[in-house]
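Beneath this line is the structure, given in structure tokens, with notes to follow.
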Amino acid sequence: MDARSTLPRVLTVLGLVAALCSNAAARPVHTYSKDFDLRIPADPDDSRGWMEDAVIDVPDHFTVYDLDVGITLTHTSAFDLQIFVKSPAGTTLLLNAYDLDEFFVGQDYTQTIFDDEAEIPIEEAEPPFTGRFRPKAGSLLQVFDGHDAFGLWRLRIYDQWYADTGYLNNVQLIVTVPELPPALSLLAPNGGELLTAGTTYTVTWSNAGSISDVLVEYSADNGSTWVLVDPPNAGNSGSYHWPVPQVNSSQCLVRVSDATNPSISDTSDAPFTIEHHTVTPPAVTTQSATNVAATTASLRGLIDNDGGQACQHRFRYKKSTGSYTYTSWAGSKTTGQSFSQDITGLSPGSLYYFNAQAKNSAGQSNWANEQLFLTVRPFSGAGSGTEQDPYLITNVDQLQQMNDDLEACYQLDSDIDASATAAWNGGAGFLPIGNSTDRFEGHFDGRGHKIIGLHIKRGSSRYIGLFGHTDSASEIRNVALEQVSVTGNLYVGALIGTNRGSIENSYSTGTVSGYGHSSGQVGGLIGRNYLSDAEISNSYSTATVSAAYKVGGLVGENYRAKITHCYSLGPVSGTGDDVGGLIGANTGTCTACFWNRETSAQAASACGTATTTAQMQTFSTFADAGWDFADTWTICNHTNYPKLLCHVPAWDFLCPDGADLADFAFLAARWLQDNCTESNDHCDRTDLDQSGSVDITDLEIFLANWLAGVR
């Protein structure tokens, strides 16, 4: 039976379906998109002002029924921008709401769509603005309804403030036009093409009006007879991947028609040719694996030659010693197309070999070239990463391995020499633990050990520090960072770039700097302390700190977060606003905190109390503010600054700092006591090995540090 004779029955069924379903026709939508790389403001010598170089040229004369505007831009303070759209006719509309009180709340417009019909107004949203929002109150895009879309549309941006920066990346005009009468127009094949039997060819068409289902047919005799494609097309996607039939003819045509109204159709303008070729086995190349983790990987391959027919493909893989595992045949790929397969159940830290194969109706290809990959090793130190059994870090390589598991618990088991990081990654140094996408959510306890000589030099990057970005579940305590050299652009601190969790009993020394005139949120310990779960307590910094704006000796910006019982000493400098001895900018709480106005060269801070060097070395300054000198802090009155007990060497019993004859006498006075328990603080801490008695072992520990000159 001729396939054309089945068409009435197909149309009858589709007609019944259409009669039962009520599907309102969508009006045609035309999207005009353009990528940009435009600085805001456009003039690099202007501290603020207009950026109006974003122009989209619409070449079509469409009447606007509805207009939506899409914007993607990066900007360090989204709320200080005013964004306008201007039509070819000169009509200008302000899209967003500028709010002085919301400066620095957030950044970026990310795939933002301004739409009159959106549920959420832009005034009630928070950056990054992702999704659809109504323009500002009283400023709707319906002002452009009825306009001719043809001509130059311009996006204008006004930057309200001088100390931030950003770039416009993309603008979209989404133009809905009035509904048109149903029509079909075949685009390809439209005459003169040469197709190969057994391959897949994409038939494409355009349409107007409401057409739910399109039938695709072909003729090999210039239209004398027609055959429905197999399988028949369903829906109206505008394209159909057609398995080219096994015919030899130069008189071929394709026809598309409305399944419910065959009179709405279009046919190839001229014949095209289908040639039948002999199918041969395919050829394939194995490509390198991607997404390699401890137990998973993605294997990849490429069809070099499909042999005249779409191919299936598979892989085999094995450990360096072992037998092959084979994946199932899958897919339908042609020459030049790549393919992949995710595999699981691999062994961590193991070498694997794999290769690819393809097949068509003529047979299988040879197994392709062999590739190899090494699965990620688990943490190399002791422990299992739980709160009860944390990973124990003993060297700087294990410190870097924390990036492999951002939810685990870690402890330092010894002092860490991190000076080798100066040569890591081509001089960029240590890679911060966690970032804005994958934040550190675990626990880290320094246990009083030191990390010495950490080096990070990533001047164009954000979220820079030992930790780049921590989440609200993170807990970091008892960390000593000494002689750091840390450089970044935004959100930079020796310990953390942006903190959203808990920090206590930690300190930093060295240098922390922001690179460039746009650098900001830079602090000696923390770049940005962010939101209500973030809290810093019993911590300090003596680091030298410099950046453009929002610079502080301890924290660059404390944004709706908490800081208690902290201090800073180091020199602080900045070229813009919000430069403070302790905190650069503050919208949170800051309790019982101090900075040295003499050593910092800063007379002001967003919070905290300014002191002199003499006051900073006086016990009463801090005790009167409620600092805990029983379990947390200690100070050699009028001699030195407060120190955290967890970082004071166990053998340093008395002031001044270090082990001397007075400390020796203190130990000797308790010699051979054998009742040393926690109740008497292990005999005033002289039972150094906590064996229960003050004996020769404790004396050896004391003398080893005294004679070594440890201070």
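Ligands are numbered from 1 in the order shown, residues from 1 within each chain, and chains are lettered A, B, ... in the order they appear in the structure tokens.
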
Give me the residues near Thr112 (chain A) as a PDB file with N, CA and C atoms, in the first residue's frame, where near means some atom within 8 Å (using only C-alpha atoms) and where sequence neighbours in that chain fewer than 6 positions away do not count.
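File produced: around23.pdb:
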ATOM      1  N   GLY A  70      16.872  41.097  28.495  1.00  0.00           N
ATOM      2  CA  GLY A  70      17.781  40.265  29.270  1.00  0.00           C
ATOM      3  C   GLY A  70      19.152  40.915  29.405  1.00  0.00           C
ATOM      4  N   ILE A  71      19.740  40.793  30.582  1.00  0.00           N
ATOM      5  CA  ILE A  71      21.041  41.416  30.860  1.00  0.00           C
ATOM      6  C   ILE A  71      21.898  40.443  31.656  1.00  0.00           C
ATOM      7  N   THR A  72      23.174  40.329  31.263  1.00  0.00           N
ATOM      8  CA  THR A  72      24.174  39.637  32.073  1.00  0.00           C
ATOM      9  C   THR A  72      25.369  40.568  32.229  1.00  0.00           C
ATOM     10  N   PHE A 129      20.972  38.821  40.527  1.00  0.00           N
ATOM     11  CA  PHE A 129      19.602  38.705  40.067  1.00  0.00           C
ATOM     12  C   PHE A 129      19.538  37.650  38.971  1.00  0.00           C
ATOM     13  N   THR A 130      19.046  36.475  39.288  1.00  0.00           N
ATOM     14  CA  THR A 130      18.957  35.388  38.320  1.00  0.00           C
ATOM     15  C   THR A 130      17.491  35.023  38.144  1.00  0.00           C
ATOM     16  N   GLY A 131      16.971  35.152  36.899  1.00  0.00           N
ATOM     17  CA  GLY A 131      15.572  34.836  36.636  1.00  0.00           C
ATOM     18  C   GLY A 131      14.836  36.048  36.097  1.00  0.00           C
ATOM     19  N   ARG A 132      13.518  36.057  36.269  1.00  0.00           N
ATOM     20  CA  ARG A 132      12.670  37.112  35.716  1.00  0.00           C
ATOM     21  C   ARG A 132      12.180  38.039  36.828  1.00  0.00           C
ATOM     22  N   PHE A 133      12.201  39.354  36.555  1.00  0.00           N
ATOM     23  CA  PHE A 133      11.777  40.360  37.516  1.00  0.00           C
ATOM     24  C   PHE A 133      11.041  41.483  36.793  1.00  0.00           C
TER      25      PHE A 133
END

Identify all residues of region 523-597 of chain A in strand (DSSP E) (DSSP on the backbone) and supply them as a VMD selection string.
chain A and resid 523 526 to 530 535 to 541 544 to 547 549 to 552 555 to 559 562 to 568 572 to 574 579 to 580 583 to 586 589 to 591 594 to 596

Run DSSP on the backbone and give me the residues of region 216-436 of chain A it puts in alpha helix (DSSP H), as a ChimeraX atom specification.
/A:396-400

For region 696-708 of chain A: contacts at 7 Å, only C-alpha atoms, fewer than 3 positions along chain excluded, given as a ChimeraX atom specification:
/A:651,659-660,687-689

Close residues, region 403-420 of chain A itself excluded, 7 Å, only C-alpha atoms, min 2 positions apart in chain, as a ChimeraX atom specification:
/A:385-387,390-396,400-401,422-423,433-434,439-447,449-455

List as a ChimeraX atom specification the protein and nucleic acid residues near Pro121 (chain A), meaning an atom at most 10 Å away when only C-alpha atoms are counted, but skip any in the same chain fewer than 2 places from it.
/A:96-97,114-119,123-125,132-137

Once you have the residues from the selection above, write them out as a PDB file, in the first residue's frame, restricted to N, CA and C atoms.
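The resulting file, result_26.pdb, is shown below:
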ATOM      1  N   ASN A  96      15.772  49.341  36.528  1.00  0.00           N
ATOM      2  CA  ASN A  96      16.044  48.857  37.882  1.00  0.00           C
ATOM      3  C   ASN A  96      15.899  49.973  38.902  1.00  0.00           C
ATOM      4  N   ALA A  97      15.978  49.599  40.156  1.00  0.00           N
ATOM      5  CA  ALA A  97      15.827  50.541  41.262  1.00  0.00           C
ATOM      6  C   ALA A  97      17.179  50.763  41.927  1.00  0.00           C
ATOM      7  N   PHE A 114      14.149  41.253  32.509  1.00  0.00           N
ATOM      8  CA  PHE A 114      13.139  42.216  32.932  1.00  0.00           C
ATOM      9  C   PHE A 114      11.869  41.937  32.135  1.00  0.00           C
ATOM     10  N   ASP A 115      10.772  41.633  32.845  1.00  0.00           N
ATOM     11  CA  ASP A 115       9.537  41.162  32.216  1.00  0.00           C
ATOM     12  C   ASP A 115       8.363  41.771  32.984  1.00  0.00           C
ATOM     13  N   ASP A 116       7.493  42.501  32.277  1.00  0.00           N
ATOM     14  CA  ASP A 116       6.340  43.123  32.934  1.00  0.00           C
ATOM     15  C   ASP A 116       5.465  42.107  33.656  1.00  0.00           C
ATOM     16  N   GLU A 117       5.461  40.839  33.177  1.00  0.00           N
ATOM     17  CA  GLU A 117       4.569  39.828  33.750  1.00  0.00           C
ATOM     18  C   GLU A 117       5.247  39.028  34.870  1.00  0.00           C
ATOM     19  N   ALA A 118       6.470  39.339  35.224  1.00  0.00           N
ATOM     20  CA  ALA A 118       7.168  38.590  36.269  1.00  0.00           C
ATOM     21  C   ALA A 118       6.494  38.813  37.624  1.00  0.00           C
ATOM     22  N   GLU A 119       6.592  37.809  38.504  1.00  0.00           N
ATOM     23  CA  GLU A 119       5.944  37.899  39.813  1.00  0.00           C
ATOM     24  C   GLU A 119       6.706  38.807  40.771  1.00  0.00           C
ATOM     25  N   GLU A 123      12.784  45.548  42.945  1.00  0.00           N
ATOM     26  CA  GLU A 123      13.087  46.171  44.227  1.00  0.00           C
ATOM     27  C   GLU A 123      13.119  45.153  45.368  1.00  0.00           C
ATOM     28  N   GLU A 124      12.437  44.017  45.205  1.00  0.00           N
ATOM     29  CA  GLU A 124      12.350  43.036  46.284  1.00  0.00           C
ATOM     30  C   GLU A 124      13.344  41.896  46.112  1.00  0.00           C
ATOM     31  N   ALA A 125      14.192  41.961  45.116  1.00  0.00           N
ATOM     32  CA  ALA A 125      15.146  40.887  44.835  1.00  0.00           C
ATOM     33  C   ALA A 125      16.522  41.246  45.389  1.00  0.00           C
ATOM     34  N   ARG A 132      13.518  36.057  36.269  1.00  0.00           N
ATOM     35  CA  ARG A 132      12.670  37.112  35.716  1.00  0.00           C
ATOM     36  C   ARG A 132      12.180  38.039  36.828  1.00  0.00           C
ATOM     37  N   PHE A 133      12.201  39.354  36.555  1.00  0.00           N
ATOM     38  CA  PHE A 133      11.777  40.360  37.516  1.00  0.00           C
ATOM     39  C   PHE A 133      11.041  41.483  36.793  1.00  0.00           C
ATOM     40  N   ARG A 134      10.047  42.062  37.469  1.00  0.00           N
ATOM     41  CA  ARG A 134       9.395  43.250  36.931  1.00  0.00           C
ATOM     42  C   ARG A 134      10.336  44.442  37.046  1.00  0.00           C
ATOM     43  N   PRO A 135      10.323  45.337  36.055  1.00  0.00           N
ATOM     44  CA  PRO A 135      11.100  46.573  36.203  1.00  0.00           C
ATOM     45  C   PRO A 135      10.607  47.367  37.408  1.00  0.00           C
ATOM     46  N   LYS A 136      11.337  48.429  37.753  1.00  0.00           N
ATOM     47  CA  LYS A 136      10.995  49.231  38.925  1.00  0.00           C
ATOM     48  C   LYS A 136       9.582  49.772  38.805  1.00  0.00           C
ATOM     49  N   ALA A 137       8.971  50.034  39.946  1.00  0.00           N
ATOM     50  CA  ALA A 137       7.584  50.490  39.989  1.00  0.00           C
ATOM     51  C   ALA A 137       7.382  51.713  39.109  1.00  0.00           C
TER      52      ALA A 137
END

Using only C-alpha atoms, which residues sit within 8 Å of Arg255 (chain A) once same-chain residues fewer than 6 positions away are excluded, as a compact mmCIF listing (two decimals) with C-alpha atoms, in the first residue's frame?
# COMPACT_ATOMS: atom_id res chain seq x y z
CA LEU A 186 10.76 24.28 4.06
CA VAL A 216 7.48 14.99 6.80
CA GLU A 217 7.42 13.08 3.48
CA TYR A 218 9.87 12.41 0.69
CA SER A 265 2.53 22.70 3.19
CA ASP A 266 5.80 23.45 1.46
CA THR A 267 8.05 21.40 -0.83
CA SER A 268 11.70 21.59 -1.86

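Near Gly520 (chain A), within a cut-off of 7 Å and counting only C-alpha atoms, sit the residues Asn489, Leu490, Tyr491, Gly514, Ala547, Ala548, Tyr549, Lys550 and Val551 of chain A, with same-chain residues fewer than 5 positions away left out.
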
Using C-alpha atoms, can you write the selected residues to a file as a PDB file, in the first residue's frame?
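Once written, out-v6.pdb looks like this:
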ATOM      1  CA  ASN A 489      41.885  41.166  44.252  1.00  0.00           C
ATOM      2  CA  LEU A 490      38.625  40.916  46.221  1.00  0.00           C
ATOM      3  CA  TYR A 491      37.859  39.124  49.490  1.00  0.00           C
ATOM      4  CA  GLY A 514      44.923  43.583  47.372  1.00  0.00           C
ATOM      5  CA  ALA A 547      44.420  47.446  49.223  1.00  0.00           C
ATOM      6  CA  ALA A 548      42.181  50.038  47.578  1.00  0.00           C
ATOM      7  CA  TYR A 549      39.019  50.091  49.698  1.00  0.00           C
ATOM      8  CA  LYS A 550      37.402  48.247  52.616  1.00  0.00           C
ATOM      9  CA  VAL A 551      40.775  47.505  54.207  1.00  0.00           C
TER      10      VAL A 551
END

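CA of Ser185 (chain A) to CA of Val227 (chain A) spans 19.2 Å [interatomic distance, one decimal].
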
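When only C-alpha atoms are used to compute distances to Glu126 (chain A), the closest of the residues A:Gly106, A:Gly584, A:Gly138, A:Pro189 turns out to be A:Gly106.
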
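In this comparison, which uses only C-alpha atoms, the residue of A:Arg528, A:His30, A:His313, A:His638 approaching Ala614 (chain A) most closely is A:His638.
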
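Among the candidate residues A:Lys643, A:His276, A:Arg314, A:Arg458, the one lying nearest to Asn366 (chain A) is A:Arg314, with distances computed using only C-alpha atoms.
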